[in-house]
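*Asks:* Handing you a structure now.
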Amino acid sequence: MLFKLSISGLKSKLKDYIVLLVGLVMSIAIFYMFQTLALNKAFLEANATIKSIGYVFQTGSVLLAIITFFYIFYANSFLMSLRRKEFGMYMTLGAKKNKITLLMFIETIIIGTVSLVIGISVGSGLAQGIGKLLMEQLDFTANGYQAIYVPSMTVTCIFFFLLFILSAIMNSIKLSRISILQLVHGDTYADSIIIKGKMTGIVALFSLILLVIGYASMVYLENLKESGIMIAMLSTTAGTYLFFEALFPLFVKKLRANKACNEKGLNAFTLAQLNFRINGLTKVLSTVAMLIALGAGAISGGWAFKNNVMTSADRFEIYDSVINNPTPEEMKILDDIPFKEKGEYRYKVDDQFFYYVKEDLEKYPPLIHVRSGEENMAKLKRVSEDLPVGSISVYSQENKQNTKTIPDEWEDALTNIQPIYIEDLNKPIKIVDLKMYHELKGKTGIIFTGKTDEFIAHTKEWKQLDELQLAKNKDVKADDMLSKYKIYNEFYTVASGTVFMGFFLGFAFLAMMASCLMFKILSGATSDITRYEMLRKIGVRRELLIKSIYKELFIVFLVPAIIGMTHVLIGMNIFGFILIDPYYRIWLPIVIFLTVYTAYYLITVHLYKGLVIPKKI
């Protein structure tokens, strides 16, 4: 009997439960996908490089689990509020409280089981698609990879099942403490006002001061270091919550006091509705604003890390390819690459020096980094200093008594064009002219350097060249050959995991937090029905009522969106320590956020409208 009542109750609130299921399914699916990418032992052992990003997905799983924990408790609390009148009627008709408690427990477990089945199914599809995409991006084989992975299913099922049981127990305890009268008449009260009178203005001003302090600490994080992160976190969070506790209600109050605004159309009713529920919305709006910042920030950070790969590789190595004594096979590959910059430098090595030819260096003047004090990104310039014949590296022991030293710019340039794996690298460098070069005795060689406009477009060629150089230099280990491709590949491996994790984690945060706001708004719809009925009875047209709903909910959705995106736009400065361009493609997460948020706004309006305004008047 209780099971039938549970199914009947779920059917009666099917639209509301579908909203809950969407958030849960998304959370479970992404959690399972992260676990699959992080726990596939055979796959990780077969690909040592991707093993290093397993912790990225585990970190994402932990963050997602924390947010999901609070989401489930809040969502279930909302659903219980929708059913409390129904539960009160059951108890009025003679049902015992322990039976109603058991009924709520069964409903929670049913929802959890259904969401787990659907979530793992969707997660398997994501793991298959995203896993394959990740491997294509990182150029890995799929040996040992399984999208349907039992250990990942086990971890996901255990975690979420325990979460659902805990949630069901908490709801049962909460329900057991509520009287029948509270259940039946629980929706006939206005939200209590926490901050009153003059304190509203004081707290509102204090919230702005805290936000300014938080934003300033983000902007000047380079000077504040670690303390800046702590100040930003505490000030911004506290400022956000105080903003919605005091400044937002004050803003609504000022709008109501404005006659021109208040007396236009149904604005008086719209603002009264907003004012009636505003104090109960403050905590939810604050949480939504903070989690919008986290969600959009996760996506923005992921893209910024991806962009950081190439710029970081450029900072370490100017030239895309630096090859010692290129073979015909290597030259064949190099000839097919459209180089923007090319250079060939002859050298000789004897027991004393590593000699470069002045004429070659002046024919192909190398590039060097130019760094300004405030910029993280290195710009390039061509060496312009004179290069004296006979000058010796400033670091050589023989140069202590020598007045001719290689100029600083040339010292940097020669470091950039000289392969680090050349065994004679530790010898001092000496500049000679062509005549002196031909008279010298020793081992000869040529260094080839090349730079393209599109490094990423030729990654296959760079990989082939690295393999050929390793085959040619038997005594050189792969770890010792620090090529630009190797540097790029190491950065790219971690960044790829980060961008995938950031995208899906951010998407899940945005969807769940928008769901929370939707739940809060819909939970107050029951008490609003009477007011809309009164307006209909005095002749207010249906179109005007619908327009009022759009306005009211637009304000509720808009304000946390503005605050949350402001946090993101200013907060990306925090990544300035580790990212060269933290604002890379910032428009993309903004577009994703607006799409998800707008969809939830329209769905909320549709559901709310269906609750408070019948289809036929």
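Identifiers for the structure tokens are assigned positionally: chains receive A, B, ... in sequence, residues are indexed from 1 per chain, and ligands are indexed from 1 in the order shown.
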Neighbouring residues of segment 460-473 of chain A were defined as those with any atom within 10 Å, considering only C-alpha atoms; residues of the same chain fewer than 5 positions away were excluded. Please report them as a PyMOL selection string.

*Replies:* chain A and resi 139+320-327+329-331+333-334+336-337+421-422+455+478+481-486+489

*Asks:* How would the residues just picked look written out with N, CA and C atoms as a PDB file, in the first residue's frame?

*Replies:*
ATOM      1  N   ASP A 139      46.596  11.754 -28.466  1.00  0.00           N
ATOM      2  CA  ASP A 139      47.265  10.801 -29.349  1.00  0.00           C
ATOM      3  C   ASP A 139      47.633   9.515 -28.610  1.00  0.00           C
ATOM      4  N   ASP A 320      60.672  26.121 -32.943  1.00  0.00           N
ATOM      5  CA  ASP A 320      59.864  24.909 -32.967  1.00  0.00           C
ATOM      6  C   ASP A 320      60.726  23.664 -33.140  1.00  0.00           C
ATOM      7  N   SER A 321      61.803  23.818 -33.855  1.00  0.00           N
ATOM      8  CA  SER A 321      62.691  22.676 -34.090  1.00  0.00           C
ATOM      9  C   SER A 321      64.142  23.138 -34.063  1.00  0.00           C
ATOM     10  N   VAL A 322      64.954  22.444 -33.279  1.00  0.00           N
ATOM     11  CA  VAL A 322      66.403  22.678 -33.227  1.00  0.00           C
ATOM     12  C   VAL A 322      67.063  21.309 -33.376  1.00  0.00           C
ATOM     13  N   ILE A 323      67.763  21.112 -34.514  1.00  0.00           N
ATOM     14  CA  ILE A 323      68.305  19.786 -34.831  1.00  0.00           C
ATOM     15  C   ILE A 323      69.805  19.883 -35.093  1.00  0.00           C
ATOM     16  N   ASN A 324      70.537  18.994 -34.456  1.00  0.00           N
ATOM     17  CA  ASN A 324      71.982  18.906 -34.653  1.00  0.00           C
ATOM     18  C   ASN A 324      72.277  17.914 -35.779  1.00  0.00           C
ATOM     19  N   ASN A 325      73.004  18.413 -36.801  1.00  0.00           N
ATOM     20  CA  ASN A 325      73.395  17.579 -37.946  1.00  0.00           C
ATOM     21  C   ASN A 325      72.212  16.804 -38.531  1.00  0.00           C
ATOM     22  N   PRO A 326      71.255  17.516 -39.131  1.00  0.00           N
ATOM     23  CA  PRO A 326      70.078  16.833 -39.680  1.00  0.00           C
ATOM     24  C   PRO A 326      70.439  15.839 -40.786  1.00  0.00           C
ATOM     25  N   THR A 327      69.829  14.666 -40.710  1.00  0.00           N
ATOM     26  CA  THR A 327      70.037  13.621 -41.717  1.00  0.00           C
ATOM     27  C   THR A 327      69.128  13.885 -42.918  1.00  0.00           C
ATOM     28  N   GLU A 329      66.773  12.083 -44.042  1.00  0.00           N
ATOM     29  CA  GLU A 329      65.404  11.750 -43.658  1.00  0.00           C
ATOM     30  C   GLU A 329      64.771  12.884 -42.860  1.00  0.00           C
ATOM     31  N   GLU A 330      65.564  13.497 -41.961  1.00  0.00           N
ATOM     32  CA  GLU A 330      65.070  14.634 -41.175  1.00  0.00           C
ATOM     33  C   GLU A 330      64.846  15.847 -42.067  1.00  0.00           C
ATOM     34  N   MET A 331      65.764  16.071 -43.025  1.00  0.00           N
ATOM     35  CA  MET A 331      65.631  17.216 -43.936  1.00  0.00           C
ATOM     36  C   MET A 331      64.392  17.084 -44.826  1.00  0.00           C
ATOM     37  N   ILE A 333      61.555  15.795 -43.927  1.00  0.00           N
ATOM     38  CA  ILE A 333      60.420  16.243 -43.103  1.00  0.00           C
ATOM     39  C   ILE A 333      60.445  17.756 -42.951  1.00  0.00           C
ATOM     40  N   LEU A 334      61.632  18.318 -42.705  1.00  0.00           N
ATOM     41  CA  LEU A 334      61.769  19.765 -42.503  1.00  0.00           C
ATOM     42  C   LEU A 334      61.399  20.554 -43.753  1.00  0.00           C
ATOM     43  N   ASP A 336      59.139  19.940 -45.843  1.00  0.00           N
ATOM     44  CA  ASP A 336      57.682  19.972 -46.043  1.00  0.00           C
ATOM     45  C   ASP A 336      56.970  20.905 -45.060  1.00  0.00           C
ATOM     46  N   ILE A 337      57.732  21.470 -44.121  1.00  0.00           N
ATOM     47  CA  ILE A 337      57.138  22.362 -43.120  1.00  0.00           C
ATOM     48  C   ILE A 337      57.370  23.817 -43.546  1.00  0.00           C
ATOM     49  N   TYR A 421      71.203  18.521 -25.670  1.00  0.00           N
ATOM     50  CA  TYR A 421      71.769  17.179 -25.556  1.00  0.00           C
ATOM     51  C   TYR A 421      73.140  17.032 -26.220  1.00  0.00           C
ATOM     52  N   ILE A 422      73.695  18.089 -26.842  1.00  0.00           N
ATOM     53  CA  ILE A 422      75.030  18.000 -27.438  1.00  0.00           C
ATOM     54  C   ILE A 422      76.052  17.789 -26.333  1.00  0.00           C
ATOM     55  N   PHE A 455      52.544  26.037 -34.814  1.00  0.00           N
ATOM     56  CA  PHE A 455      53.240  24.892 -34.228  1.00  0.00           C
ATOM     57  C   PHE A 455      52.306  23.690 -34.100  1.00  0.00           C
ATOM     58  N   ALA A 478      65.466   9.775 -23.733  1.00  0.00           N
ATOM     59  CA  ALA A 478      64.296  10.590 -24.083  1.00  0.00           C
ATOM     60  C   ALA A 478      64.068  11.720 -23.085  1.00  0.00           C
ATOM     61  N   MET A 481      66.433  14.830 -23.770  1.00  0.00           N
ATOM     62  CA  MET A 481      66.255  15.638 -24.976  1.00  0.00           C
ATOM     63  C   MET A 481      65.059  16.568 -24.785  1.00  0.00           C
ATOM     64  N   LEU A 482      65.338  17.784 -24.401  1.00  0.00           N
ATOM     65  CA  LEU A 482      64.281  18.743 -24.054  1.00  0.00           C
ATOM     66  C   LEU A 482      63.887  19.537 -25.301  1.00  0.00           C
ATOM     67  N   SER A 483      63.067  18.939 -26.153  1.00  0.00           N
ATOM     68  CA  SER A 483      62.599  19.614 -27.358  1.00  0.00           C
ATOM     69  C   SER A 483      61.325  20.405 -27.045  1.00  0.00           C
ATOM     70  N   LYS A 484      60.970  21.293 -27.968  1.00  0.00           N
ATOM     71  CA  LYS A 484      59.758  22.090 -27.778  1.00  0.00           C
ATOM     72  C   LYS A 484      58.523  21.194 -27.818  1.00  0.00           C
ATOM     73  N   TYR A 485      58.553  20.167 -28.672  1.00  0.00           N
ATOM     74  CA  TYR A 485      57.414  19.248 -28.748  1.00  0.00           C
ATOM     75  C   TYR A 485      57.227  18.516 -27.427  1.00  0.00           C
ATOM     76  N   LYS A 486      58.312  18.106 -26.807  1.00  0.00           N
ATOM     77  CA  LYS A 486      58.209  17.394 -25.529  1.00  0.00           C
ATOM     78  C   LYS A 486      57.633  18.308 -24.451  1.00  0.00           C
ATOM     79  N   ASN A 489      53.951  18.775 -25.188  1.00  0.00           N
ATOM     80  CA  ASN A 489      53.170  17.566 -24.923  1.00  0.00           C
ATOM     81  C   ASN A 489      52.918  17.376 -23.426  1.00  0.00           C
TER      82      ASN A 489
END

*Asks:* Please extract the residues of segment 133-364 of chain A with a backbone DSSP assignment of alpha helix (DSSP H) and present them as JSON, numbers by chain.

*Replies:* {"A": [133, 134, 135, 136, 137, 138, 150, 151, 152, 153, 154, 155, 156, 157, 158, 159, 160, 161, 162, 163, 164, 165, 166, 167, 168, 169, 170, 171, 172, 173, 174, 175, 176, 180, 181, 182, 183, 184, 198, 199, 200, 201, 202, 203, 204, 205, 206, 207, 208, 209, 210, 211, 212, 213, 214, 215, 216, 217, 218, 219, 221, 222, 223, 224, 226, 227, 228, 229, 230, 231, 232, 233, 234, 235, 236, 237, 238, 239, 240, 241, 242, 248, 249, 250, 251, 252, 253, 254, 255, 256, 257, 259, 260, 261, 262, 267, 268, 269, 270, 271, 272, 273, 274, 275, 276, 277, 278, 279, 280, 281, 282, 283, 284, 285, 286, 287, 288, 289, 290, 291, 292, 293, 294, 295, 296, 297, 298, 299, 300, 301, 302, 303, 304, 305, 306, 307, 308, 309, 310, 311, 312, 313, 314, 315, 316, 328, 329, 330, 331, 332, 333, 334, 335, 358, 359, 360, 361, 362, 363]}

*Asks:* Which residues come within 10 Å of Leu281 of chain A, counting only C-alpha atoms, excluding same-chain residues fewer than 4 positions away, as a PyMOL selection string?

*Replies:* chain A and resi 191+244-245+249+274+276-277+285-286+517+520-521+556

*Asks:* Emit the selected residues as an mmCIF file, in the first residue's frame, including N, CA and C atoms.

*Replies:*
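Result file result.cif:
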data_model
loop_
_atom_site.group_PDB
_atom_site.id
_atom_site.type_symbol
_atom_site.label_atom_id
_atom_site.label_comp_id
_atom_site.auth_asym_id
_atom_site.auth_seq_id
_atom_site.Cartn_x
_atom_site.Cartn_y
_atom_site.Cartn_z
ATOM 1 N N ASP A 191 7.934 35.276 4.703
ATOM 2 C CA ASP A 191 9.302 35.054 5.171
ATOM 3 C C ASP A 191 9.685 36.115 6.193
ATOM 4 N N PHE A 244 22.908 40.109 -0.527
ATOM 5 C CA PHE A 244 21.552 39.608 -0.736
ATOM 6 C C PHE A 244 20.690 39.692 0.535
ATOM 7 N N GLU A 245 21.333 39.752 1.686
ATOM 8 C CA GLU A 245 20.572 39.902 2.930
ATOM 9 C C GLU A 245 20.087 41.330 3.136
ATOM 10 N N PRO A 249 17.257 43.428 -0.894
ATOM 11 C CA PRO A 249 15.937 43.847 -0.384
ATOM 12 C C PRO A 249 15.768 45.370 -0.370
ATOM 13 N N LEU A 274 7.631 40.240 -5.161
ATOM 14 C CA LEU A 274 9.077 40.089 -4.972
ATOM 15 C C LEU A 274 9.467 40.417 -3.540
ATOM 16 N N PHE A 276 7.565 40.180 -0.927
ATOM 17 C CA PHE A 276 6.978 39.185 -0.016
ATOM 18 C C PHE A 276 7.901 37.983 0.161
ATOM 19 N N ARG A 277 8.599 37.592 -0.925
ATOM 20 C CA ARG A 277 9.435 36.399 -0.889
ATOM 21 C C ARG A 277 10.933 36.693 -0.824
ATOM 22 N N LEU A 285 19.809 32.842 -3.279
ATOM 23 C CA LEU A 285 20.412 33.713 -4.294
ATOM 24 C C LEU A 285 21.910 33.880 -4.054
ATOM 25 N N SER A 286 22.311 33.997 -2.791
ATOM 26 C CA SER A 286 23.739 34.112 -2.464
ATOM 27 C C SER A 286 24.490 32.861 -2.889
ATOM 28 N N LEU A 517 17.570 27.250 -7.442
ATOM 29 C CA LEU A 517 16.797 28.496 -7.524
ATOM 30 C C LEU A 517 15.387 28.201 -8.019
ATOM 31 N N LYS A 520 13.317 26.712 -5.168
ATOM 32 C CA LYS A 520 12.918 27.700 -4.169
ATOM 33 C C LYS A 520 11.738 28.534 -4.660
ATOM 34 N N ILE A 521 11.778 28.915 -5.924
ATOM 35 C CA ILE A 521 10.694 29.732 -6.478
ATOM 36 C C ILE A 521 9.395 28.936 -6.543
ATOM 37 N N VAL A 556 14.718 38.013 -10.184
ATOM 38 C CA VAL A 556 15.263 37.004 -9.269
ATOM 39 C C VAL A 556 16.436 36.257 -9.908
#

*Asks:* I need the strand (DSSP E) residues of segment 144-328 of chain A per DSSP on the backbone, written as a ChimeraX atom specification.

*Replies:* /A:321-324

*Asks:* Suppose we keep all heavy atoms; can you now write the selection as an mmCIF file, in the first residue's frame?

*Replies:*
data_model
loop_
_atom_site.group_PDB
_atom_site.id
_atom_site.type_symbol
_atom_site.label_atom_id
_atom_site.label_comp_id
_atom_site.auth_asym_id
_atom_site.auth_seq_id
_atom_site.Cartn_x
_atom_site.Cartn_y
_atom_site.Cartn_z
ATOM 1 N N SER A 321 61.803 23.818 -33.855
ATOM 2 C CA SER A 321 62.691 22.676 -34.090
ATOM 3 C C SER A 321 64.142 23.138 -34.063
ATOM 4 O O SER A 321 64.499 24.124 -34.710
ATOM 5 C CB SER A 321 62.376 22.027 -35.448
ATOM 6 O OG SER A 321 63.191 20.902 -35.662
ATOM 7 N N VAL A 322 64.954 22.444 -33.279
ATOM 8 C CA VAL A 322 66.403 22.678 -33.227
ATOM 9 C C VAL A 322 67.063 21.309 -33.376
ATOM 10 O O VAL A 322 66.935 20.451 -32.517
ATOM 11 C CB VAL A 322 66.827 23.337 -31.894
ATOM 12 C CG1 VAL A 322 68.330 23.529 -31.867
ATOM 13 C CG2 VAL A 322 66.118 24.665 -31.699
ATOM 14 N N ILE A 323 67.763 21.112 -34.514
ATOM 15 C CA ILE A 323 68.305 19.786 -34.831
ATOM 16 C C ILE A 323 69.805 19.883 -35.093
ATOM 17 O O ILE A 323 70.257 20.737 -35.872
ATOM 18 C CB ILE A 323 67.592 19.176 -36.046
ATOM 19 C CG1 ILE A 323 66.105 18.996 -35.735
ATOM 20 C CG2 ILE A 323 68.209 17.830 -36.422
ATOM 21 C CD1 ILE A 323 65.299 18.468 -36.875
ATOM 22 N N ASN A 324 70.537 18.994 -34.456
ATOM 23 C CA ASN A 324 71.982 18.906 -34.653
ATOM 24 C C ASN A 324 72.277 17.914 -35.779
ATOM 25 O O ASN A 324 71.837 16.771 -35.746
ATOM 26 C CB ASN A 324 72.649 18.438 -33.355
ATOM 27 C CG ASN A 324 74.153 18.366 -33.485
ATOM 28 O OD1 ASN A 324 74.780 19.239 -34.068
ATOM 29 N ND2 ASN A 324 74.751 17.316 -32.939
#

*Asks:* May I have the residues within 9 Å of His567 of chain A as a PyMOL selection string, using only C-alpha atoms and disregarding those fewer than 6 positions away in the same chain?

*Replies:* chain A and resi 215+236+289-290+292-294+297

*Asks:* List the spatial neighbours of Thr449 of chain A as a list in words - criterion: any atom at most 10 Å away, only C-alpha atoms, same-chain residues fewer than 3 positions off excluded.

*Replies:*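 In the requested format, the answer is Ile318, Tyr319, Asp320, Ser321, Val322, Ile323, Asn324, Phe339, Glu341, Lys342, Gly343, Glu344, Tyr345, Tyr364, Pro366, Asn416, Ile417, Gln418, Pro419 and Ile446 of chain A.
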
*Asks:* One decimal, in Å: what's the spacing between atom CA of Gly610 of chain A and atom CA of Ser115 of chain A?

*Replies:*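 Computed distance, atom CA of Gly610 of chain A to atom CA of Ser115 of chain A, equals 25.3 Å.
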
*Asks:* Work out how far atom CA of Val22 of chain A is from atom CA of Leu166 of chain A, in Å to one decimal.

*Replies:* 20.3 Å

*Asks:* Which of these residues is nearest to Arg315 of chain A, using only C-alpha atoms: A:Ser27, A:Pro328, A:Val370, A:Leu64?

*Replies:*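 Between A:Ser27, A:Pro328, A:Val370, A:Leu64, the residue approaching Arg315 of chain A most closely is A:Val370.
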
*Asks:* Could you tell me which of A:Lys551, A:Lys306, A:Arg531, A:Arg346 comes closest to Tyr583 of chain A if we count only C-alpha atoms?

*Replies:*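 Among A:Lys551, A:Lys306, A:Arg531, A:Arg346, it is A:Lys306 that comes nearest to Tyr583 of chain A.
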
*Asks:* Which residue out of A:Arg382, A:Gln35, A:Val62, A:Phe305 has the minimum interatomic distance to Thr498 of chain A when only C-alpha atoms are used?

*Replies:* A:Phe305

*Asks:* Which residues are close to segment 107-111 of chain A, i.e. within 6 Å by only C-alpha atoms, leaving aside same-chain residues fewer than 2 positions away? Reply as a PyMOL selection string.

*Replies:* chain A and resi 6+104-105+113-114+168

*Asks:* Could you take the residues named above and write them with N, CA, C and O atoms, as a compact mmCIF listing (two decimals), in the first residue's frame?

*Replies:*
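Output saved as part23.txt:
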# COMPACT_ATOMS: atom_id res chain seq x y z
N SER A 6 3.41 5.86 -2.76
CA SER A 6 4.66 6.52 -3.17
C SER A 6 4.66 6.77 -4.67
O SER A 6 4.97 7.88 -5.14
N MET A 104 7.78 8.82 2.86
CA MET A 104 8.78 9.78 2.36
C MET A 104 10.12 9.09 2.12
O MET A 104 10.80 9.37 1.13
N PHE A 105 10.48 8.17 2.99
CA PHE A 105 11.72 7.42 2.86
C PHE A 105 11.71 6.59 1.56
O PHE A 105 12.69 6.59 0.80
N THR A 113 17.28 5.54 -6.83
CA THR A 113 17.54 4.36 -7.66
C THR A 113 17.36 4.66 -9.14
O THR A 113 18.20 4.29 -9.98
N VAL A 114 16.27 5.35 -9.47
CA VAL A 114 16.01 5.70 -10.87
C VAL A 114 17.12 6.60 -11.42
O VAL A 114 17.63 6.40 -12.53
N ALA A 168 17.24 10.55 2.95
CA ALA A 168 15.93 10.02 3.33
C ALA A 168 15.75 10.02 4.85
O ALA A 168 14.67 10.35 5.37

*Asks:* Would you work out the distance separating atom CA of Ser61 of chain A from atom CA of Phe575 of chain A, expressed in Å to one decimal?

*Replies:*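 Atom CA of Phe575 of chain A lies 21.4 Å from atom CA of Ser61 of chain A.
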
*Asks:* Restricting the calculation to only C-alpha atoms, which member of A:Ile562, A:Ile368, A:Ile538, A:Val357 is positioned closest to Pro388 of chain A?

*Replies:*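 Once distances to Pro388 of chain A are computed over only C-alpha atoms, the minimum belongs to A:Val357.
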
*Asks:* Using only C-alpha atoms, which residue out of A:Leu210, A:Phe31, A:Ile278, A:Leu175 lies closest to Phe160 of chain A?

*Replies:*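 For Phe160 of chain A, the nearest of the given residues is A:Phe31.
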
*Asks:* Extract, using only C-alpha atoms, all DNA, RNA and protein residues at most 12 Å from Glu409 of chain A, discarding same-chain residues fewer than 5 positions from it, and format them as a PDB file with C-alpha atoms, in the first residue's frame.

*Replies:*
ATOM      1  CA  PRO A 365      70.260  36.592 -36.651  1.00  0.00           C
ATOM      2  CA  PRO A 366      68.588  34.500 -33.910  1.00  0.00           C
ATOM      3  CA  LEU A 367      65.478  35.512 -31.946  1.00  0.00           C
ATOM      4  CA  ILE A 368      65.481  36.157 -28.211  1.00  0.00           C
ATOM      5  CA  HIS A 369      62.868  36.899 -25.561  1.00  0.00           C
ATOM      6  CA  VAL A 370      62.136  40.445 -24.512  1.00  0.00           C
ATOM      7  CA  LEU A 380      60.451  38.236 -29.315  1.00  0.00           C
ATOM      8  CA  LYS A 381      63.089  40.407 -30.900  1.00  0.00           C
ATOM      9  CA  ARG A 382      66.027  39.777 -33.190  1.00  0.00           C
ATOM     10  CA  VAL A 383      69.546  40.140 -31.850  1.00  0.00           C
ATOM     11  CA  SER A 384      70.871  43.575 -32.772  1.00  0.00           C
ATOM     12  CA  GLU A 385      74.163  43.870 -30.854  1.00  0.00           C
ATOM     13  CA  ASP A 386      77.552  43.642 -32.530  1.00  0.00           C
ATOM     14  CA  LEU A 387      79.314  40.283 -32.308  1.00  0.00           C
ATOM     15  CA  SER A 393      81.350  33.105 -23.447  1.00  0.00           C
ATOM     16  CA  VAL A 394      81.229  35.168 -20.273  1.00  0.00           C
ATOM     17  CA  LEU A 414      73.271  31.020 -28.585  1.00  0.00           C
ATOM     18  CA  THR A 415      71.613  29.222 -25.672  1.00  0.00           C
ATOM     19  CA  ASN A 416      68.338  29.091 -27.652  1.00  0.00           C
TER      20      ASN A 416
END

*Asks:* Of the candidates A:Met230, A:Met33, A:Ile130, A:Ile100, which shows the shortest atom-to-atom distance to Met153 of chain A, using only C-alpha atoms?

*Replies:*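 Nearest to Met153 of chain A: A:Met33.
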